[in-house]
Amino acid sequence: MARMKLTKRNVAAIKPHENKRLYVYDTELTGFGLMVTPKGSKSYFAEYRNGVGRGASTRRVTLGSTLKLLPDEARDLAKLTIADAAKGEDPAMKKKEQREAITVAALCDIYEERHVKIKLKVTTQELYRHILQNHIKPRLGTKRAINLRKQDVAFAHLSMKDTPSIANSTLAVIGSMFAWADKHGYVPEAFNPATRIEKFKEQKRERFLTTEELERLGAAIREGETDGIPYEVDESKPTSKHAPKTENRGVLLSPHVAGAIRLLILTGARLREILTLQWGHVDLERGILLLPDSKTGKKTIILNAPAQQIIAGLPRIGKYVIASDSAGQAEEKPRADLKRPWSTVTRRAGLEGVRIHDLRHTHASFGVGASFGLPIVGKLLGHTQLRTTERYAHLETDPLRRASNSIGNSLAAAMGEKPLSDNVIGINDAR
């Protein structure tokens, strides 16, 4: 059994045996040593007795490779390990348990199956599932859950700086997942590596369609449900010879797709509220939609006359107002999204980059701009708190315009100018 002071130079000079492992013990700390395999790989270890008396067994714990640890660093780790053993703990068993502990990826799957799918609303489920599978698992999945450090989470968050909204949502989901894991015994009590990490500042995006843009959007929808929206084919590709003739290249919108887009504009409802709307939730006689569940809970949506007309004219196929491909089948499901038709329509209307959710903003902007007041608009949108609607407060300009016109006319009269009508600039022009 070789002994020497384990220094960087001495460790580098040790040569391996051809047929067996070589163990070299440190002369400064009893129980600390170096193991060298026949192939030449070197790692530090700590030895201790598990128990007291002659029957106590000797155990050895690997501390790490010489490629990752300096001798003094490994010696400090050995001191801690030997001290833990002196207190009655079993460092080898503790390390084995850590090694067998679930990974972050496994925790993501358990959390999704036992919490997300059961406790969260459908739209929230989709967001959580996307973040768990596409952002948390690729960045942190291989790490053991109980070994995840705040630095690991902070670095993952920083790596997503170009998409601050998703980065902050990812941080929130990690925090929620570890709070759940704490409650159910998967990690130590009060262990949450996502706490007290500063979030990125987010710029709230507000996009309102103008009257002229709405006119183009309406024209594109009408073209899509009649002649079809033209599309182009890359003639340089070999498959282009199988494409339809130019006059036959058109994307047709089904009545349900066109109806869904129109209802989103006319009601200001959220996408999921329209796509999951069932005929049993519709009361055309009273002009309302009675939603049993939404993002803000049970909700009533007022149907204006154009929206009532849209719903009344839709073919009834299955239980959902906006029929999907599974309409009328035993396991009928609502339509998942409108991504492809929406992209086609906005491209044709010259509105690329406009989101479906911007239709909700547009509905609100017309309501506020017409001086209906924030509380009324908030109720129409289903906001539970006024501060949510206050993001549209800057659009409430009519009272200010009337005041400004009154002052301006008074000043013009004083200057001998002819007063102008308050209606020179209409609300739609101003927008």
# chains A, B, ... in the order shown; residues from 1 in each chain; ligands from 1
>>> select_by_dssp(residues="stretch 57-132 of chain A", states="strand (DSSP E or B)", output="list of chain:residue names")
A:Ser57, A:Thr58, A:Arg59, A:Arg60, A:Val61, A:Thr62, A:Leu63, A:Gly64, A:Ser65, A:Thr103
>>> atom_distance(atom1="atom CA of A:Arg216", atom2="atom CA of A:Gly228")
15.1 Å
>>> closest_atom_pairs(of="stretch 2-50 of chain A", to="stretch 90-113 of chain A", cutoff="12 Å", atoms="only C-alpha atoms", output="tab-separated table")
residue	atom	partner	partner_atom	distance
A:Phe45	CA	A:Ala92	CA	10.9
A:Ala46	CA	A:Pro91	CA	9.6
A:Glu47	CA	A:Ala92	CA	9.6
A:Tyr48	CA	A:Pro91	CA	9.0
A:Arg49	CA	A:Asp90	CA	9.0
A:Asn50	CA	A:Asp90	CA	6.5
>>> closest_residue(among="A:Arg272, A:Arg348, A:Lys68, A:Arg360", to="A:Thr124", atoms="only C-alpha atoms")
A:Arg272
>>> closest_residue(among="A:Ala312, A:Leu264, A:Ile221, A:Val36", to="A:Arg21", atoms="only C-alpha atoms")
A:Val36
>>> residues_around(residues="A:Ile197", least_positions_apart="3", cutoff="10 Å", atoms="only C-alpha atoms", output="number ranges by chain")
A: 150-151, 153-154, 157, 168, 171, 193-194, 200
>>> write_last_selection(atoms="all heavy atoms", output="PDB file, in the first residue's frame")
ATOM      1  N   LYS A 150     -29.407  26.746  -7.973  1.00  0.00           N
ATOM      2  CA  LYS A 150     -29.980  27.999  -8.441  1.00  0.00           C
ATOM      3  C   LYS A 150     -29.185  28.544  -9.627  1.00  0.00           C
ATOM      4  O   LYS A 150     -29.759  29.120 -10.555  1.00  0.00           O
ATOM      5  CB  LYS A 150     -30.008  29.026  -7.311  1.00  0.00           C
ATOM      6  CG  LYS A 150     -30.648  30.348  -7.705  1.00  0.00           C
ATOM      7  CD  LYS A 150     -30.738  31.293  -6.519  1.00  0.00           C
ATOM      8  CE  LYS A 150     -31.748  30.790  -5.514  1.00  0.00           C
ATOM      9  NZ  LYS A 150     -31.989  31.755  -4.433  1.00  0.00           N
ATOM     10  N   GLN A 151     -27.868  28.319  -9.607  1.00  0.00           N
ATOM     11  CA  GLN A 151     -27.036  28.773 -10.718  1.00  0.00           C
ATOM     12  C   GLN A 151     -27.437  28.084 -12.028  1.00  0.00           C
ATOM     13  O   GLN A 151     -27.398  28.689 -13.100  1.00  0.00           O
ATOM     14  CB  GLN A 151     -25.546  28.485 -10.435  1.00  0.00           C
ATOM     15  CG  GLN A 151     -25.002  29.253  -9.236  1.00  0.00           C
ATOM     16  CD  GLN A 151     -25.020  28.394  -7.982  1.00  0.00           C
ATOM     17  OE1 GLN A 151     -26.048  27.798  -7.660  1.00  0.00           O
ATOM     18  NE2 GLN A 151     -23.902  28.326  -7.296  1.00  0.00           N
ATOM     19  N   VAL A 153     -30.464  26.987 -12.855  1.00  0.00           N
ATOM     20  CA  VAL A 153     -31.732  27.557 -13.306  1.00  0.00           C
ATOM     21  C   VAL A 153     -31.500  28.966 -13.853  1.00  0.00           C
ATOM     22  O   VAL A 153     -32.060  29.343 -14.892  1.00  0.00           O
ATOM     23  CB  VAL A 153     -32.758  27.582 -12.161  1.00  0.00           C
ATOM     24  CG1 VAL A 153     -34.070  28.219 -12.623  1.00  0.00           C
ATOM     25  CG2 VAL A 153     -33.013  26.172 -11.655  1.00  0.00           C
ATOM     26  N   ALA A 154     -30.676  29.737 -13.158  1.00  0.00           N
ATOM     27  CA  ALA A 154     -30.401  31.104 -13.594  1.00  0.00           C
ATOM     28  C   ALA A 154     -29.715  31.112 -14.969  1.00  0.00           C
ATOM     29  O   ALA A 154     -30.020  31.954 -15.818  1.00  0.00           O
ATOM     30  CB  ALA A 154     -29.517  31.815 -12.561  1.00  0.00           C
ATOM     31  N   HIS A 157     -32.279  30.278 -17.599  1.00  0.00           N
ATOM     32  CA  HIS A 157     -33.123  31.465 -17.799  1.00  0.00           C
ATOM     33  C   HIS A 157     -32.401  32.493 -18.664  1.00  0.00           C
ATOM     34  O   HIS A 157     -32.974  33.059 -19.598  1.00  0.00           O
ATOM     35  CB  HIS A 157     -33.484  32.055 -16.434  1.00  0.00           C
ATOM     36  CG  HIS A 157     -34.367  33.254 -16.501  1.00  0.00           C
ATOM     37  ND1 HIS A 157     -33.949  34.506 -16.092  1.00  0.00           N
ATOM     38  CD2 HIS A 157     -35.644  33.412 -16.926  1.00  0.00           C
ATOM     39  CE1 HIS A 157     -34.932  35.373 -16.262  1.00  0.00           C
ATOM     40  NE2 HIS A 157     -35.972  34.737 -16.760  1.00  0.00           N
ATOM     41  N   ASN A 168     -39.370  33.881 -18.737  1.00  0.00           N
ATOM     42  CA  ASN A 168     -40.019  34.120 -17.445  1.00  0.00           C
ATOM     43  C   ASN A 168     -41.064  33.059 -17.140  1.00  0.00           C
ATOM     44  O   ASN A 168     -41.222  32.633 -15.986  1.00  0.00           O
ATOM     45  CB  ASN A 168     -40.658  35.508 -17.427  1.00  0.00           C
ATOM     46  CG  ASN A 168     -39.626  36.622 -17.424  1.00  0.00           C
ATOM     47  OD1 ASN A 168     -38.461  36.408 -17.105  1.00  0.00           O
ATOM     48  ND2 ASN A 168     -40.039  37.825 -17.784  1.00  0.00           N
ATOM     49  N   LEU A 171     -39.240  29.986 -15.957  1.00  0.00           N
ATOM     50  CA  LEU A 171     -38.824  30.152 -14.565  1.00  0.00           C
ATOM     51  C   LEU A 171     -40.001  29.899 -13.624  1.00  0.00           C
ATOM     52  O   LEU A 171     -39.854  29.236 -12.589  1.00  0.00           O
ATOM     53  CB  LEU A 171     -38.279  31.568 -14.370  1.00  0.00           C
ATOM     54  CG  LEU A 171     -37.573  31.875 -13.046  1.00  0.00           C
ATOM     55  CD1 LEU A 171     -36.363  30.986 -12.867  1.00  0.00           C
ATOM     56  CD2 LEU A 171     -37.171  33.342 -12.999  1.00  0.00           C
ATOM     57  N   PRO A 193     -34.911  25.617  -6.350  1.00  0.00           N
ATOM     58  CA  PRO A 193     -33.804  26.361  -6.977  1.00  0.00           C
ATOM     59  C   PRO A 193     -34.247  27.499  -7.892  1.00  0.00           C
ATOM     60  O   PRO A 193     -33.396  28.171  -8.478  1.00  0.00           O
ATOM     61  CB  PRO A 193     -33.075  25.281  -7.785  1.00  0.00           C
ATOM     62  CG  PRO A 193     -34.144  24.292  -8.126  1.00  0.00           C
ATOM     63  CD  PRO A 193     -35.076  24.283  -6.950  1.00  0.00           C
ATOM     64  N   ALA A 194     -35.568  27.717  -8.025  1.00  0.00           N
ATOM     65  CA  ALA A 194     -36.037  28.795  -8.910  1.00  0.00           C
ATOM     66  C   ALA A 194     -36.414  30.060  -8.150  1.00  0.00           C
ATOM     67  O   ALA A 194     -36.836  31.040  -8.757  1.00  0.00           O
ATOM     68  CB  ALA A 194     -37.241  28.309  -9.726  1.00  0.00           C
ATOM     69  N   PHE A 200     -36.791  38.770 -16.483  1.00  0.00           N
ATOM     70  CA  PHE A 200     -36.545  39.783 -17.507  1.00  0.00           C
ATOM     71  C   PHE A 200     -37.724  40.750 -17.558  1.00  0.00           C
ATOM     72  O   PHE A 200     -38.857  40.387 -17.250  1.00  0.00           O
ATOM     73  CB  PHE A 200     -36.400  39.137 -18.894  1.00  0.00           C
ATOM     74  CG  PHE A 200     -35.186  38.273 -19.040  1.00  0.00           C
ATOM     75  CD1 PHE A 200     -35.309  36.914 -19.295  1.00  0.00           C
ATOM     76  CD2 PHE A 200     -33.911  38.808 -18.926  1.00  0.00           C
ATOM     77  CE1 PHE A 200     -34.197  36.109 -19.445  1.00  0.00           C
ATOM     78  CE2 PHE A 200     -32.793  38.010 -19.068  1.00  0.00           C
ATOM     79  CZ  PHE A 200     -32.933  36.661 -19.324  1.00  0.00           C
TER      80      PHE A 200
END
>>> closest_residue(among="A:Leu275, A:Ile118, A:Ala12, A:Leu291", to="A:Leu67", atoms="only C-alpha atoms")
A:Ala12
>>> residues_around(residues="A:Pro292", least_positions_apart="5", cutoff="10 Å", atoms="only C-alpha atoms", output="short mmCIF file (atom, residue, chain, number, x, y, z; two decimals) with C-alpha atoms, in the first residue's frame")
data_model
loop_
_atom_site.label_atom_id
_atom_site.label_comp_id
_atom_site.auth_asym_id
_atom_site.auth_seq_id
_atom_site.Cartn_x
_atom_site.Cartn_y
_atom_site.Cartn_z
CA LEU A 277 -67.70 26.44 -27.56
CA HIS A 281 -73.55 26.88 -24.35
CA GLY A 297 -63.92 30.73 -14.49
CA LYS A 298 -67.62 30.65 -15.35
CA LYS A 299 -68.34 33.36 -17.88
CA THR A 300 -71.15 34.96 -19.92
#
>>> residues_around(residues="A:Thr123", least_positions_apart="4", cutoff="10 Å", atoms="only C-alpha atoms", output="list in words")
Leu127, Tyr128, Arg129, Leu271, Arg272, Glu273, Ser294 and Lys295 of chain A
>>> write_last_selection(atoms="N, CA and C atoms", output="PDB file, in the first residue's frame")
ATOM      1  N   LEU A 127     -49.599  25.277 -22.343  1.00  0.00           N
ATOM      2  CA  LEU A 127     -48.426  26.116 -22.093  1.00  0.00           C
ATOM      3  C   LEU A 127     -47.413  25.377 -21.234  1.00  0.00           C
ATOM      4  N   TYR A 128     -47.862  24.751 -20.131  1.00  0.00           N
ATOM      5  CA  TYR A 128     -46.960  24.028 -19.237  1.00  0.00           C
ATOM      6  C   TYR A 128     -46.294  22.863 -19.965  1.00  0.00           C
ATOM      7  N   ARG A 129     -47.089  22.125 -20.750  1.00  0.00           N
ATOM      8  CA  ARG A 129     -46.534  20.973 -21.464  1.00  0.00           C
ATOM      9  C   ARG A 129     -45.460  21.433 -22.463  1.00  0.00           C
ATOM     10  N   LEU A 271     -59.306  32.678 -27.946  1.00  0.00           N
ATOM     11  CA  LEU A 271     -59.328  31.634 -28.960  1.00  0.00           C
ATOM     12  C   LEU A 271     -59.933  30.348 -28.420  1.00  0.00           C
ATOM     13  N   ARG A 272     -59.478  29.902 -27.248  1.00  0.00           N
ATOM     14  CA  ARG A 272     -59.955  28.631 -26.709  1.00  0.00           C
ATOM     15  C   ARG A 272     -61.444  28.693 -26.370  1.00  0.00           C
ATOM     16  N   GLU A 273     -61.925  29.864 -25.997  1.00  0.00           N
ATOM     17  CA  GLU A 273     -63.352  30.005 -25.679  1.00  0.00           C
ATOM     18  C   GLU A 273     -64.222  29.771 -26.905  1.00  0.00           C
ATOM     19  N   SER A 294     -63.744  29.012 -18.180  1.00  0.00           N
ATOM     20  CA  SER A 294     -62.856  29.800 -19.030  1.00  0.00           C
ATOM     21  C   SER A 294     -61.613  30.127 -18.221  1.00  0.00           C
ATOM     22  N   LYS A 295     -60.755  30.953 -18.760  1.00  0.00           N
ATOM     23  CA  LYS A 295     -59.533  31.324 -18.036  1.00  0.00           C
ATOM     24  C   LYS A 295     -59.858  31.971 -16.704  1.00  0.00           C
TER      25      LYS A 295
END
>>> residues_around(residues="A:Gly185", least_positions_apart="4", cutoff="12 Å", atoms="only C-alpha atoms", output="NGL selection string")
:A and (101-102 or 107 or 145-146 or 178-181 or 189-191)
>>> write_last_selection(atoms="C-alpha atoms", output="PDB file, in the first residue's frame")
ATOM      1  CA  ALA A 101     -32.766  10.013  -7.241  1.00  0.00           C
ATOM      2  CA  ILE A 102     -35.028  11.106 -10.085  1.00  0.00           C
ATOM      3  CA  LEU A 107     -39.758  14.941 -12.422  1.00  0.00           C
ATOM      4  CA  ALA A 145     -33.629  17.029  -9.184  1.00  0.00           C
ATOM      5  CA  ILE A 146     -32.169  17.226  -5.678  1.00  0.00           C
ATOM      6  CA  PHE A 178     -40.404  22.195  -7.347  1.00  0.00           C
ATOM      7  CA  ALA A 179     -43.036  23.559  -4.965  1.00  0.00           C
ATOM      8  CA  TRP A 180     -45.204  20.590  -5.961  1.00  0.00           C
ATOM      9  CA  ALA A 181     -42.227  18.205  -5.645  1.00  0.00           C
ATOM     10  CA  GLU A 189     -38.428  20.398   2.349  1.00  0.00           C
ATOM     11  CA  ALA A 190     -38.273  24.040   1.174  1.00  0.00           C
ATOM     12  CA  PHE A 191     -35.920  23.085  -1.665  1.00  0.00           C
TER      13      PHE A 191
END
>>> select_by_dssp(residues="stretch 105-296 of chain A", states="alpha helix (DSSP H)", output="ChimeraX atom specification")
/A:105-111,117-119,122-131,137-140,150-158,164-183,211-225,255-267,271-275
>>> atom_distance(atom1="atom CA of A:Ile131", atom2="atom CA of A:Ser324")
25.9 Å
